[in-house]
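Asker: Take a look at this one; I'll ask things after.
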Amino acid sequence: MAGATAEDLRRLLRRDEFTADETATADLLLDLALGVIEEETGQPLASSTDTITLDGPSADDHPHQVGTGTSKLVLPRWPVTAVASVTLTDDDELLAEGKDADYTWSASGVLTRCGGWWPSHDQAVDVTYTAGFLALPTGVKRMQLRLAMAGWSNPENLASESLGDHSRSYAAEMLGMELTPAERRTLAAYKART
């Protein structure tokens with residue numbers, strides 16, 4: 001995935017160049033920063049193809065629907081860029097995609113059953129699909145760089161220091177990589193669905 005690079009971090013730090021060790025440190029900090037972001041979103045943001053088994057929606061989930069389930073099934077990761085296969089686990093029936101076939105899908109990760117309902121029991125549907133971003137959204141890349149810069153500028157995670165009787169205190173957050181409340185609100189738009 002095209003996220004922030006060591007070169008991006010070097011430019012922001014206004015350094016002429018990085019040594020090989022500094023480049024490795026920058027790459028590590030950027031990976032750790034992306035990890036903080038993905039922990040907040042509850043999903044990997046990089047595009048990947050996954051096979052998952054989903055529980056069918058129950059009638060309790062949609063009390064206004066009549067039948068054994070619902071026509072909508074929500075995939076946990078998004079944005080969805082492709083759905084390779086959808087199989088009902090009861091009889092290994094491979095469904096066909098298309099509005100005149102068995103199901104359709106949306107980028108927001110909704111599978112819609114055409115002319116029927118999804119089964120309403122546990123482990124009802126196997127789905128192989130591709131979701132995530134080929135390039136990190138600009139606002140998320142900005143957060144990744146800010147977090148990495150925090151780790152770069154304060155590797156000991158020092159929170160405060162006084163000179164009289166020399167006292168130090170350290171922050172509990174790893175390398176100062178703490179999301180701000182505004183960043184948490186922004187990342188809410190990228191959260192995985194449960």
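Naming works like this for the structure tokens: A, B, ... for the chains as they're shown, residue 1 at the start of each chain, ligands 1 onward in shown order.
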Identify all residues of chain A in strand (DSSP E or B) (DSSP on the backbone) and supply them as JSON, numbers by chain.
Answerer: {"A": [2, 46, 48, 49, 50, 51, 52, 53, 54, 72, 73, 74, 80, 81, 82, 83, 84, 85, 86, 87, 88, 93, 94, 97, 103, 104, 105, 110, 111, 112, 113, 125, 126, 127, 128, 129, 130, 131, 133, 135, 158, 159, 160, 161, 162, 167, 168, 169, 170]}
Asker: Export N, CA and C atoms of the chosen residues as a CSV table (one decimal), in the first residue's frame?
Answerer:
```csv
chain,number,residue,atom,x,y,z
A,2,ALA,N,0.5,2.2,-0.7
A,2,ALA,CA,1.2,3.5,-0.8
A,2,ALA,C,0.8,4.3,0.4
A,46,ALA,N,-4.8,-1.6,4.1
A,46,ALA,CA,-4.2,-1.9,2.8
A,46,ALA,C,-5.1,-2.9,2.1
A,48,SER,N,-6.4,-6.1,0.4
A,48,SER,CA,-6.0,-7.5,0.4
A,48,SER,C,-7.2,-8.3,0.0
A,49,THR,N,-7.0,-9.5,-0.4
A,49,THR,CA,-8.1,-10.5,-0.7
A,49,THR,C,-8.2,-11.4,0.5
A,50,ASP,N,-9.4,-11.6,1.0
A,50,ASP,CA,-9.6,-12.4,2.2
A,50,ASP,C,-10.8,-13.4,1.9
A,51,THR,N,-10.7,-14.5,2.5
A,51,THR,CA,-11.9,-15.4,2.5
A,51,THR,C,-12.4,-15.5,4.0
A,52,ILE,N,-13.6,-15.2,4.2
A,52,ILE,CA,-14.2,-15.2,5.5
A,52,ILE,C,-15.5,-16.0,5.5
A,53,THR,N,-15.9,-16.5,6.7
A,53,THR,CA,-17.2,-17.1,6.9
A,53,THR,C,-18.0,-16.2,7.7
A,54,LEU,N,-19.2,-15.9,7.2
A,54,LEU,CA,-20.1,-15.0,7.9
A,54,LEU,C,-21.3,-15.7,8.5
A,72,LYS,N,-29.9,-8.4,3.0
A,72,LYS,CA,-28.6,-7.6,3.1
A,72,LYS,C,-27.6,-8.4,4.1
A,73,LEU,N,-26.4,-8.4,3.6
A,73,LEU,CA,-25.3,-9.0,4.4
A,73,LEU,C,-24.1,-8.1,4.4
A,74,VAL,N,-23.6,-7.7,5.5
A,74,VAL,CA,-22.6,-6.6,5.6
A,74,VAL,C,-21.2,-7.3,5.8
A,80,VAL,N,-14.9,-2.2,-0.6
A,80,VAL,CA,-14.8,-3.4,-1.3
A,80,VAL,C,-14.5,-3.1,-2.8
A,81,THR,N,-13.5,-3.7,-3.4
A,81,THR,CA,-13.2,-3.5,-4.8
A,81,THR,C,-13.5,-4.7,-5.7
A,82,ALA,N,-13.7,-5.9,-5.1
A,82,ALA,CA,-14.1,-7.0,-5.9
A,82,ALA,C,-14.6,-8.1,-4.9
A,83,VAL,N,-15.5,-8.9,-5.5
A,83,VAL,CA,-16.1,-10.1,-4.8
A,83,VAL,C,-15.8,-11.3,-5.8
A,84,ALA,N,-14.9,-12.2,-5.3
A,84,ALA,CA,-14.6,-13.3,-6.2
A,84,ALA,C,-15.6,-14.4,-6.1
A,85,SER,N,-16.1,-14.7,-4.9
A,85,SER,CA,-17.0,-15.8,-4.8
A,85,SER,C,-17.9,-15.6,-3.5
A,86,VAL,N,-19.1,-16.1,-3.6
A,86,VAL,CA,-20.0,-16.2,-2.5
A,86,VAL,C,-20.6,-17.6,-2.5
A,87,THR,N,-20.4,-18.3,-1.4
A,87,THR,CA,-20.9,-19.7,-1.3
A,87,THR,C,-21.8,-19.9,-0.1
A,88,LEU,N,-22.9,-20.6,-0.2
A,88,LEU,CA,-23.7,-20.9,0.9
A,88,LEU,C,-23.1,-22.2,1.5
A,93,GLU,N,-23.3,-24.3,-2.2
A,93,GLU,CA,-23.8,-23.7,-3.5
A,93,GLU,C,-23.1,-22.4,-3.8
A,94,LEU,N,-22.4,-22.4,-4.9
A,94,LEU,CA,-21.7,-21.2,-5.4
A,94,LEU,C,-22.7,-20.3,-6.0
A,97,GLU,N,-23.1,-13.7,-9.4
A,97,GLU,CA,-23.2,-12.3,-9.2
A,97,GLU,C,-24.0,-11.7,-10.3
A,103,TYR,N,-26.9,-12.4,-6.3
A,103,TYR,CA,-26.5,-11.3,-5.4
A,103,TYR,C,-25.8,-10.2,-6.2
A,104,THR,N,-25.8,-9.0,-5.6
A,104,THR,CA,-25.0,-7.9,-6.0
A,104,THR,C,-24.2,-7.4,-4.8
A,105,TRP,N,-23.2,-6.6,-5.0
A,105,TRP,CA,-22.4,-6.1,-4.0
A,105,TRP,C,-22.1,-4.6,-4.2
A,110,VAL,N,-21.8,-4.1,1.2
A,110,VAL,CA,-23.1,-4.7,1.4
A,110,VAL,C,-23.3,-5.7,0.3
A,111,LEU,N,-23.6,-7.0,0.6
A,111,LEU,CA,-24.0,-8.0,-0.3
A,111,LEU,C,-25.6,-8.1,-0.3
A,112,THR,N,-26.2,-7.9,-1.4
A,112,THR,CA,-27.7,-7.9,-1.5
A,112,THR,C,-28.1,-9.2,-2.2
A,113,ARG,N,-28.9,-10.0,-1.6
A,113,ARG,CA,-29.4,-11.2,-2.2
A,113,ARG,C,-30.6,-10.8,-3.1
A,125,VAL,N,-22.4,-18.3,5.3
A,125,VAL,CA,-21.9,-17.8,3.9
A,125,VAL,C,-20.4,-17.7,3.9
A,126,ASP,N,-19.7,-18.3,2.9
A,126,ASP,CA,-18.3,-18.0,2.7
A,126,ASP,C,-18.2,-17.0,1.6
A,127,VAL,N,-17.3,-16.0,1.9
A,127,VAL,CA,-17.1,-14.9,0.9
A,127,VAL,C,-15.6,-14.7,0.7
A,128,THR,N,-15.2,-14.7,-0.6
A,128,THR,CA,-13.8,-14.3,-0.9
A,128,THR,C,-14.0,-12.9,-1.6
A,129,TYR,N,-13.3,-11.9,-1.0
A,129,TYR,CA,-13.4,-10.6,-1.5
A,129,TYR,C,-12.2,-9.8,-1.3
A,130,THR,N,-12.1,-8.7,-2.0
A,130,THR,CA,-10.9,-7.8,-1.9
A,130,THR,C,-11.4,-6.5,-1.3
A,131,ALA,N,-10.8,-6.0,-0.3
A,131,ALA,CA,-11.2,-4.7,0.3
A,131,ALA,C,-9.9,-4.0,0.8
A,133,PHE,N,-7.5,-0.1,0.7
A,133,PHE,CA,-7.1,1.0,-0.1
A,133,PHE,C,-5.7,0.6,-0.8
A,135,ALA,N,-3.9,3.1,-2.0
A,135,ALA,CA,-3.1,4.2,-1.5
A,135,ALA,C,-3.8,4.7,-0.2
A,158,LEU,N,9.9,10.6,26.8
A,158,LEU,CA,10.0,11.4,28.0
A,158,LEU,C,8.8,12.4,28.0
A,159,ALA,N,8.1,12.4,29.1
A,159,ALA,CA,6.9,13.2,29.2
A,159,ALA,C,7.2,14.5,29.9
A,160,SER,N,8.1,14.5,30.9
A,160,SER,CA,8.5,15.7,31.6
A,160,SER,C,9.9,15.5,32.2
A,161,GLU,N,10.6,16.6,32.5
A,161,GLU,CA,11.9,16.6,33.1
A,161,GLU,C,12.1,17.8,33.9
A,162,SER,N,12.7,17.8,35.1
A,162,SER,CA,13.0,19.0,35.8
A,162,SER,C,14.5,19.0,36.2
A,167,SER,N,14.6,15.1,37.9
A,167,SER,CA,13.5,14.2,37.9
A,167,SER,C,13.0,14.0,36.5
A,168,ARG,N,12.6,12.8,36.1
A,168,ARG,CA,12.1,12.5,34.8
A,168,ARG,C,10.9,11.7,34.9
A,169,SER,N,10.0,11.9,34.0
A,169,SER,CA,8.8,11.0,33.9
A,169,SER,C,8.6,10.6,32.5
A,170,TYR,N,8.1,9.4,32.3
A,170,TYR,CA,7.9,8.9,30.9
A,170,TYR,C,6.4,8.6,30.7
```
Asker: Quick one: residues within 8 Å of Trp78 in chain A, only C-alpha atoms counted, chain neighbours fewer than 4 positions away excluded, as number ranges by chain?
Answerer: A: 107-109, 131-132, 192
Asker: Just to confirm, what's the straight-line distance from CA of Asp21 in chain A to CA of Glu39 in chain A in Å (one decimal)?
Answerer: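 So the two atoms, CA of Asp21 in chain A and CA of Glu39 in chain A, lie 26.9 Å apart.
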Asker: Leaving out Ala24 in chain A and any residue of its chain fewer than 2 positions from it, which residues lie within 12 Å of it when counting only C-alpha atoms, given as a PDB file with C-alpha atoms, in the first residue's frame?
Answerer:
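New file out_28.pdb:
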```pdb
ATOM      1  CA  THR A   5       7.626   6.615   3.247  1.00  0.00           C
ATOM      2  CA  ALA A   6      10.958   7.192   4.954  1.00  0.00           C
ATOM      3  CA  GLU A   7      11.593   9.819   2.274  1.00  0.00           C
ATOM      4  CA  LEU A   9       9.497  11.607   6.913  1.00  0.00           C
ATOM      5  CA  ARG A  10      13.001  12.819   5.983  1.00  0.00           C
ATOM      6  CA  PHE A  18      19.160   9.609   6.199  1.00  0.00           C
ATOM      7  CA  THR A  19      21.798   7.022   6.948  1.00  0.00           C
ATOM      8  CA  ALA A  20      20.864   3.395   6.340  1.00  0.00           C
ATOM      9  CA  ASP A  21      20.122   3.010  10.081  1.00  0.00           C
ATOM     10  CA  GLU A  22      17.978   6.151  10.099  1.00  0.00           C
ATOM     11  CA  ALA A  26      11.983   5.671   9.875  1.00  0.00           C
ATOM     12  CA  ASP A  27      10.440   2.600   8.206  1.00  0.00           C
ATOM     13  CA  LEU A  28       9.887   0.978  11.612  1.00  0.00           C
ATOM     14  CA  LEU A  29       8.283   4.119  13.047  1.00  0.00           C
ATOM     15  CA  LEU A  30       5.980   4.428  10.015  1.00  0.00           C
ATOM     16  CA  ASP A  31       4.935   0.770  10.403  1.00  0.00           C
ATOM     17  CA  TRP A 152      11.415  10.171  16.013  1.00  0.00           C
TER      18      TRP A 152
END
```
Asker: Pick out the residues sitting within 12 Å of Glu183 in chain A, and hand them over as a list in words; count only C-alpha atoms, and ignore anything fewer than 5 positions along from it in its own chain.
Answerer: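 Residues meeting the cut-off are Val36, Ile37, Glu40, Thr41, Gly139, Val140, Lys141, Arg142, Met143, Gln144, Arg146, Leu147, Glu178, Ala188, Ala189 and Tyr190 of chain A.
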Asker: The selected residues should be written to file as a short mmCIF file (atom, residue, chain, number, x, y, z; two decimals), in the first residue's frame (atoms: C-alpha atoms).
Answerer:
```
data_model
loop_
_atom_site.label_atom_id
_atom_site.label_comp_id
_atom_site.auth_asym_id
_atom_site.auth_seq_id
_atom_site.Cartn_x
_atom_site.Cartn_y
_atom_site.Cartn_z
CA VAL A 36 -1.75 2.54 15.88
CA ILE A 37 -4.12 3.76 13.17
CA GLU A 40 -8.20 2.38 16.04
CA THR A 41 -10.04 1.42 12.84
CA GLY A 139 -5.69 12.47 5.95
CA VAL A 140 -4.65 9.05 7.26
CA LYS A 141 -1.18 9.43 5.72
CA ARG A 142 -0.87 12.77 7.55
CA MET A 143 -1.66 11.00 10.84
CA GLN A 144 0.87 8.27 10.07
CA ARG A 146 2.67 12.87 12.63
CA LEU A 147 2.81 9.75 14.78
CA GLU A 178 -1.01 8.76 20.70
CA ALA A 188 -14.20 6.60 12.87
CA ALA A 189 -15.11 6.87 9.18
CA TYR A 190 -12.70 4.00 8.41
#
```
Asker: One decimal, Å: what's the distance from CA of Leu134 in chain A over to CA of Thr23 in chain A, could you say?
Answerer: 23.0 Å
Asker: Would you mind listing what lies within 10 Å of Glu38 in chain A as a compact mmCIF listing (two decimals) with N, CA and C atoms, in the first residue's frame, with only C-alpha atoms counted and same-chain residues fewer than 5 positions away left out?
Answerer:
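Result written to part_39.txt:
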```txt
# COMPACT_ATOMS: atom_id res chain seq x y z
N LEU A 32 4.91 1.21 12.80
CA LEU A 32 4.27 1.29 14.12
C LEU A 32 3.13 2.30 14.12
N ALA A 33 3.34 3.43 13.45
CA ALA A 33 2.30 4.46 13.37
C ALA A 33 1.07 3.92 12.65
N GLN A 43 -9.40 -2.54 11.45
CA GLN A 43 -9.22 -3.28 10.21
C GLN A 43 -7.94 -2.83 9.53
N PRO A 44 -7.29 -3.76 8.80
CA PRO A 44 -6.16 -3.34 7.98
C PRO A 44 -6.66 -2.41 6.88
N LEU A 45 -5.92 -1.37 6.58
CA LEU A 45 -6.36 -0.42 5.56
C LEU A 45 -5.82 -0.77 4.18
N ALA A 46 -4.75 -1.56 4.12
CA ALA A 46 -4.18 -1.94 2.82
C ALA A 46 -5.10 -2.92 2.12
N LEU A 187 -10.84 8.96 12.08
CA LEU A 187 -10.67 7.53 11.80
C LEU A 187 -11.95 6.74 12.00
N TYR A 190 -13.38 5.15 9.02
CA TYR A 190 -12.70 4.00 8.41
C TYR A 190 -12.85 2.72 9.23
N LYS A 191 -13.68 2.75 10.25
CA LYS A 191 -13.80 1.60 11.15
C LYS A 191 -14.41 0.38 10.45
N ALA A 192 -13.93 -0.79 10.87
CA ALA A 192 -14.52 -2.04 10.41
C ALA A 192 -15.91 -2.16 11.03
```
Asker: Record the distance separating CA of Ser120 in chain A and CA of Asp91 in chain A, expressed in Å with one decimal.
Answerer: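 We find that CA of Ser120 in chain A and CA of Asp91 in chain A lie 14.5 Å from each other.
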